[in-house]
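Coordinates as given in query.cif (mmCIF, C-alpha atoms and all ligand atoms):
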data_work
loop_
_atom_site.label_atom_id
_atom_site.label_comp_id
_atom_site.auth_asym_id
_atom_site.auth_seq_id
_atom_site.Cartn_x
_atom_site.Cartn_y
_atom_site.Cartn_z
CA MET A 1 18.68 -51.00 29.09
CA SER A 2 15.17 -51.20 30.37
CA GLU A 3 12.25 -51.16 27.89
CA ASP A 4 9.92 -49.30 30.21
CA ARG A 5 12.01 -46.19 30.61
CA SER A 6 9.71 -43.58 32.07
CA PHE A 7 9.87 -39.89 31.19
CA SER A 8 11.54 -37.59 33.63
CA GLY A 9 9.64 -34.67 35.06
CA ARG A 10 11.73 -32.29 32.96
CA GLU A 11 10.85 -34.10 29.74
CA ILE A 12 7.14 -34.06 30.55
CA ALA A 13 7.29 -30.38 31.47
CA ALA A 14 9.09 -29.59 28.21
CA VAL A 15 6.49 -31.41 26.10
CA LEU A 16 3.62 -29.78 27.97
CA THR A 17 5.18 -26.34 27.58
CA PHE A 18 5.56 -26.90 23.84
CA VAL A 19 1.96 -28.04 23.45
CA VAL A 20 0.60 -25.12 25.44
CA LEU A 21 2.73 -22.54 23.60
CA ALA A 22 1.88 -23.97 20.17
CA GLY A 23 -1.81 -23.97 21.05
CA ALA A 24 -1.68 -20.40 22.35
CA THR A 25 0.20 -19.22 19.26
CA ALA A 26 -2.32 -20.89 16.97
CA LEU A 27 -5.22 -19.39 18.89
CA VAL A 28 -3.78 -15.88 18.89
CA SER A 29 -2.94 -16.15 15.17
CA TYR A 30 -6.41 -17.38 14.37
CA ARG A 31 -8.14 -14.67 16.38
CA SER A 32 -6.05 -11.91 14.82
CA GLY A 33 -6.76 -13.26 11.33
CA LEU A 34 -3.17 -14.33 10.75
CA ASN A 35 -3.37 -17.96 9.82
CA VAL A 36 0.28 -19.01 9.82
CA ALA A 37 -0.72 -22.23 8.05
CA GLY A 38 -1.72 -20.12 5.04
CA GLY A 39 -5.42 -20.97 5.06
CA SER A 40 -8.29 -18.56 4.62
CA GLY A 41 -6.74 -16.26 7.23
CA GLY A 42 -4.14 -15.20 4.68
CA ALA A 43 -6.89 -14.13 2.32
CA GLU A 44 -8.49 -12.13 5.13
CA VAL A 45 -5.24 -10.26 5.70
CA ALA A 46 -4.86 -9.61 1.97
CA ALA A 47 -8.42 -8.31 1.83
CA ALA A 48 -7.80 -6.05 4.83
CA VAL A 49 -4.70 -4.61 3.19
CA ALA A 50 -6.48 -4.14 -0.14
CA SER A 51 -9.37 -2.36 1.51
CA ALA A 52 -7.18 -0.12 3.65
CA PRO A 53 -8.16 3.48 2.93
CA VAL A 54 -5.85 5.12 0.43
CA ASN A 55 -4.08 8.16 1.80
CA GLY A 56 -3.96 10.91 -0.82
CA GLN A 57 -1.62 13.07 1.21
CA ALA A 58 0.93 10.32 1.71
CA LEU A 59 0.75 9.38 -1.97
CA TYR A 60 1.18 13.01 -3.05
CA VAL A 61 4.09 13.63 -0.69
CA GLY A 62 5.81 10.42 -1.71
CA ASN A 63 5.28 10.60 -5.48
CA CYS A 64 4.48 14.14 -6.61
CA ALA A 65 5.66 16.79 -4.15
CA GLY A 66 9.28 16.48 -5.23
CA CYS A 67 8.41 18.01 -8.61
CA HIS A 68 5.14 19.87 -8.00
CA GLY A 69 5.95 21.29 -4.56
CA ALA A 70 4.68 20.48 -1.09
CA GLN A 71 1.70 22.78 -1.61
CA ALA A 72 1.40 21.90 -5.34
CA GLN A 73 2.70 25.41 -5.98
CA GLY A 74 5.06 24.17 -8.68
CA GLY A 75 8.74 23.44 -9.01
CA VAL A 76 10.22 21.20 -11.69
CA GLY A 77 6.61 20.64 -12.74
CA PRO A 78 3.87 23.28 -12.95
CA GLY A 79 1.63 24.27 -10.07
CA LEU A 80 -1.43 22.05 -9.94
CA ALA A 81 -4.06 24.69 -9.13
CA ASN A 82 -5.42 24.52 -12.70
CA SER A 83 -5.34 20.77 -13.12
CA ALA A 84 -6.85 20.20 -9.66
CA ALA A 85 -10.02 21.71 -11.12
CA TRP A 86 -10.01 19.26 -14.06
CA SER A 87 -12.55 16.46 -14.23
CA GLU A 88 -11.57 13.22 -12.57
CA ALA A 89 -11.12 11.58 -16.00
CA ASP A 90 -8.82 14.35 -17.26
CA PHE A 91 -6.75 14.33 -14.09
CA GLN A 92 -6.37 10.54 -14.27
CA ALA A 93 -5.37 10.73 -17.94
CA ALA A 94 -2.64 13.23 -17.07
CA VAL A 95 -1.27 11.33 -14.11
CA LEU A 96 -1.60 7.80 -15.44
CA HIS A 97 -0.87 8.37 -19.14
CA GLY A 98 0.77 11.79 -19.52
CA LYS A 99 -2.17 13.29 -21.41
CA GLY A 100 -2.66 16.96 -20.61
CA ALA A 101 -5.43 19.41 -21.41
CA GLY A 102 -6.88 18.81 -24.88
CA GLY A 103 -5.04 15.50 -25.17
CA ARG A 104 -1.62 17.19 -25.34
CA THR A 105 1.21 14.77 -24.59
CA LEU A 106 2.96 15.98 -21.45
CA ALA A 107 6.74 16.30 -21.39
CA PRO A 108 8.41 12.98 -20.55
CA VAL A 109 9.71 14.42 -17.26
CA MET A 110 6.19 13.89 -15.95
CA PRO A 111 6.09 10.17 -15.10
CA ARG A 112 3.40 7.97 -16.67
CA PHE A 113 2.20 6.48 -13.42
CA ALA A 114 0.30 3.69 -15.18
CA GLU A 115 3.75 2.38 -16.08
CA ALA A 116 5.88 3.83 -13.30
CA GLY A 117 3.51 2.72 -10.51
CA LEU A 118 3.05 4.37 -7.16
CA ASP A 119 5.30 3.41 -4.26
CA GLY A 120 6.58 0.51 -6.37
CA LYS A 121 3.12 -0.97 -7.06
CA ASP A 122 0.55 -0.59 -9.84
CA ALA A 123 -1.29 2.71 -9.51
CA THR A 124 -5.06 2.34 -9.01
CA PRO A 125 -7.80 4.83 -9.99
CA GLU A 126 -8.67 5.06 -6.28
CA GLN A 127 -5.15 6.23 -5.51
CA ILE A 128 -5.16 8.88 -8.24
CA GLY A 129 -8.61 9.97 -7.07
CA ALA A 130 -7.29 10.33 -3.52
CA ILE A 131 -4.33 12.40 -4.78
CA HIS A 132 -6.71 14.55 -6.84
CA ALA A 133 -8.90 15.15 -3.78
CA TYR A 134 -5.85 16.04 -1.70
CA VAL A 135 -4.51 18.50 -4.29
CA LYS A 136 -7.94 20.15 -4.58
CA GLY A 137 -7.85 20.78 -0.86
CA LEU A 138 -4.46 22.52 -0.89
C1 LIG B 201 9.89 13.98 -12.04
C2 LIG B 201 9.03 15.12 -11.85
C3 LIG B 201 7.54 14.90 -11.72
C4 LIG B 201 6.88 14.07 -10.86
C5 LIG B 201 7.48 13.12 -9.85
C6 LIG B 201 5.47 14.31 -11.08
N1 LIG B 201 5.28 15.23 -12.05
FE1 LIG B 201 3.52 15.88 -12.76
N2 LIG B 201 4.47 17.01 -14.15
C7 LIG B 201 5.84 17.18 -14.24
C8 LIG B 201 6.14 18.10 -15.33
C9 LIG B 201 7.52 18.56 -15.75
C10 LIG B 201 4.90 18.45 -15.89
C11 LIG B 201 4.66 19.39 -17.06
C12 LIG B 201 4.65 18.58 -18.36
C13 LIG B 201 4.17 19.41 -19.55
O1 LIG B 201 3.47 20.43 -19.35
O2 LIG B 201 4.45 19.00 -20.67
C14 LIG B 201 3.88 17.76 -15.13
C15 LIG B 201 2.51 17.86 -15.37
C16 LIG B 201 1.54 17.36 -14.53
C17 LIG B 201 0.13 17.61 -14.71
C18 LIG B 201 -0.52 18.46 -15.80
C19 LIG B 201 -0.51 19.89 -15.30
C20 LIG B 201 -1.02 20.89 -16.31
O3 LIG B 201 -1.50 21.95 -15.88
O4 LIG B 201 -0.91 20.63 -17.52
C21 LIG B 201 -0.51 16.99 -13.66
C22 LIG B 201 -1.99 16.97 -13.38
C23 LIG B 201 0.50 16.35 -12.88
N3 LIG B 201 1.74 16.59 -13.43
C24 LIG B 201 0.25 15.63 -11.74
C25 LIG B 201 1.22 14.89 -11.06
C26 LIG B 201 0.91 14.04 -9.94
C27 LIG B 201 -0.46 13.86 -9.32
C28 LIG B 201 2.09 13.45 -9.59
C29 LIG B 201 2.30 12.38 -8.54
C30 LIG B 201 1.46 11.20 -8.62
C31 LIG B 201 3.13 13.98 -10.45
N4 LIG B 201 2.55 14.85 -11.33
C32 LIG B 201 4.47 13.65 -10.38
C33 LIG B 201 6.79 16.59 -13.43
C34 LIG B 201 6.54 15.63 -12.46
#

Write the structure described by the file as structure tokens, please.
Ligand code: HEC
Amino acid sequence: MSEDRSFSGREIAAVLTFVVLAGATALVSYRSGLNVAGGSGGAEVAAAVASAPVNGQALYVGNCAGCHGAQAQGGVGPGLANSAAWSEADFQAAVLHGKGAGGRTLAPVMPRFAEAGLDGKDATPEQIGAIHAYVKGL
């Protein structure tokens, strides 16, 4: 039992490898904005996700096409050629709150996306605007 037991080459190599790998991981995480320690890097990632451009086509295909048709030609729900020409406010009222032309309450089959959400998350005006723009272009 000697007090001055020295480290073997393998032990030193293992410690050095760990230090180098941990440092490299931290550096790569930091540079890519992913702060694994949960510091400001996390906020940067959240901001990047929040500011990602909304994709009207993907939102329409995923949330509307099943009822209104791939080309908004109609199906379970009416064709959207008329409503595509509505003002942004009217279109949002229909999609978010089920209010049709002249304030008519739309049939309950049409989801109230303010409550139902889009893709499992709260629907934003930007998303509805992007869907509106996409439908106008069909
Ligand atoms: C489950 C089926 C269904 C889904 C999903 C659906 N709708 Fe509808 N939608 C309807 C029905 C049915 C109506 C007609 C309701 C009425 O006239 O009372 C309607 C009406 C509308 C209207 C009013 C049309 C008009 O001329 O009065 C708009 C605009 C509309 N939907 C947009 C959308 C958008 C955008 C999405 C996707 C974010 C969507 N809908 C998803 C079934 C659906």

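The residue that comes closest to ligand LIG 201 (chain B), out of A:Gly117, A:Pro78, A:Gly102, A:Gly69 and on the basis of only C-alpha atoms and all ligand atoms, is A:Pro78.
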
What residues have any atom no more than 8 Å from ligand LIG 201 (chain B) when counting all atoms listed in the file, and can you list them as an MDAnalysis selection string? chainID A and resid 59:60 62:68 76:84 91:92 94:95 98:101 104:111 113 118 128 131:132 135

With 4 Å of padding per side, what axis-aligned box (centre and edge lengths, Å, one decimal) covers all the listed atoms of range 118-125 of chain A? Give it as AutoDock Vina command-line options.
--center_x -0.6 --center_y 1.9 --center_z -7.1 --size_x 22.4 --size_y 13.8 --size_z 13.7

Take CA of Asp122 in chain A and CA of Ser87 in chain A and report the distance between them in Å, one decimal.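 Going from CA of Asp122 in chain A over to CA of Ser87 in chain A covers 21.9 Å.
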
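CA of Ala72 in chain A is positioned 11.4 Å from CA of Gln57 in chain A.
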
Between CA of Gln71 in chain A and CA of Glu126 in chain A, what is the spacing in Å?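 CA of Glu126 in chain A sits 21.1 Å away from CA of Gln71 in chain A.
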
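For the residues A:Ala123, A:Phe7, A:His97, A:Gly137, ranking by smallest atom-to-atom distance to Ala85 in chain A using only C-alpha atoms places A:Gly137 first.
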
Quick one: residues within 10 Å of Pro125 in chain A, all atoms listed in the file, excluding same-chain residues fewer than 5 positions away - as an mmCIF file with C-alpha atoms, in the frame of the given file?
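Written output follows (out32.cif):
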data_model
loop_
_atom_site.group_PDB
_atom_site.id
_atom_site.type_symbol
_atom_site.label_atom_id
_atom_site.label_comp_id
_atom_site.auth_asym_id
_atom_site.auth_seq_id
_atom_site.Cartn_x
_atom_site.Cartn_y
_atom_site.Cartn_z
ATOM 1 C CA GLU A 88 -11.570 13.220 -12.570
ATOM 2 C CA ALA A 89 -11.120 11.580 -16.000
ATOM 3 C CA GLN A 92 -6.370 10.540 -14.270
ATOM 4 C CA LEU A 96 -1.600 7.800 -15.440
ATOM 5 C CA ALA A 114 0.300 3.690 -15.180
ATOM 6 C CA ALA A 130 -7.290 10.330 -3.520
ATOM 7 C CA ILE A 131 -4.330 12.400 -4.780
#
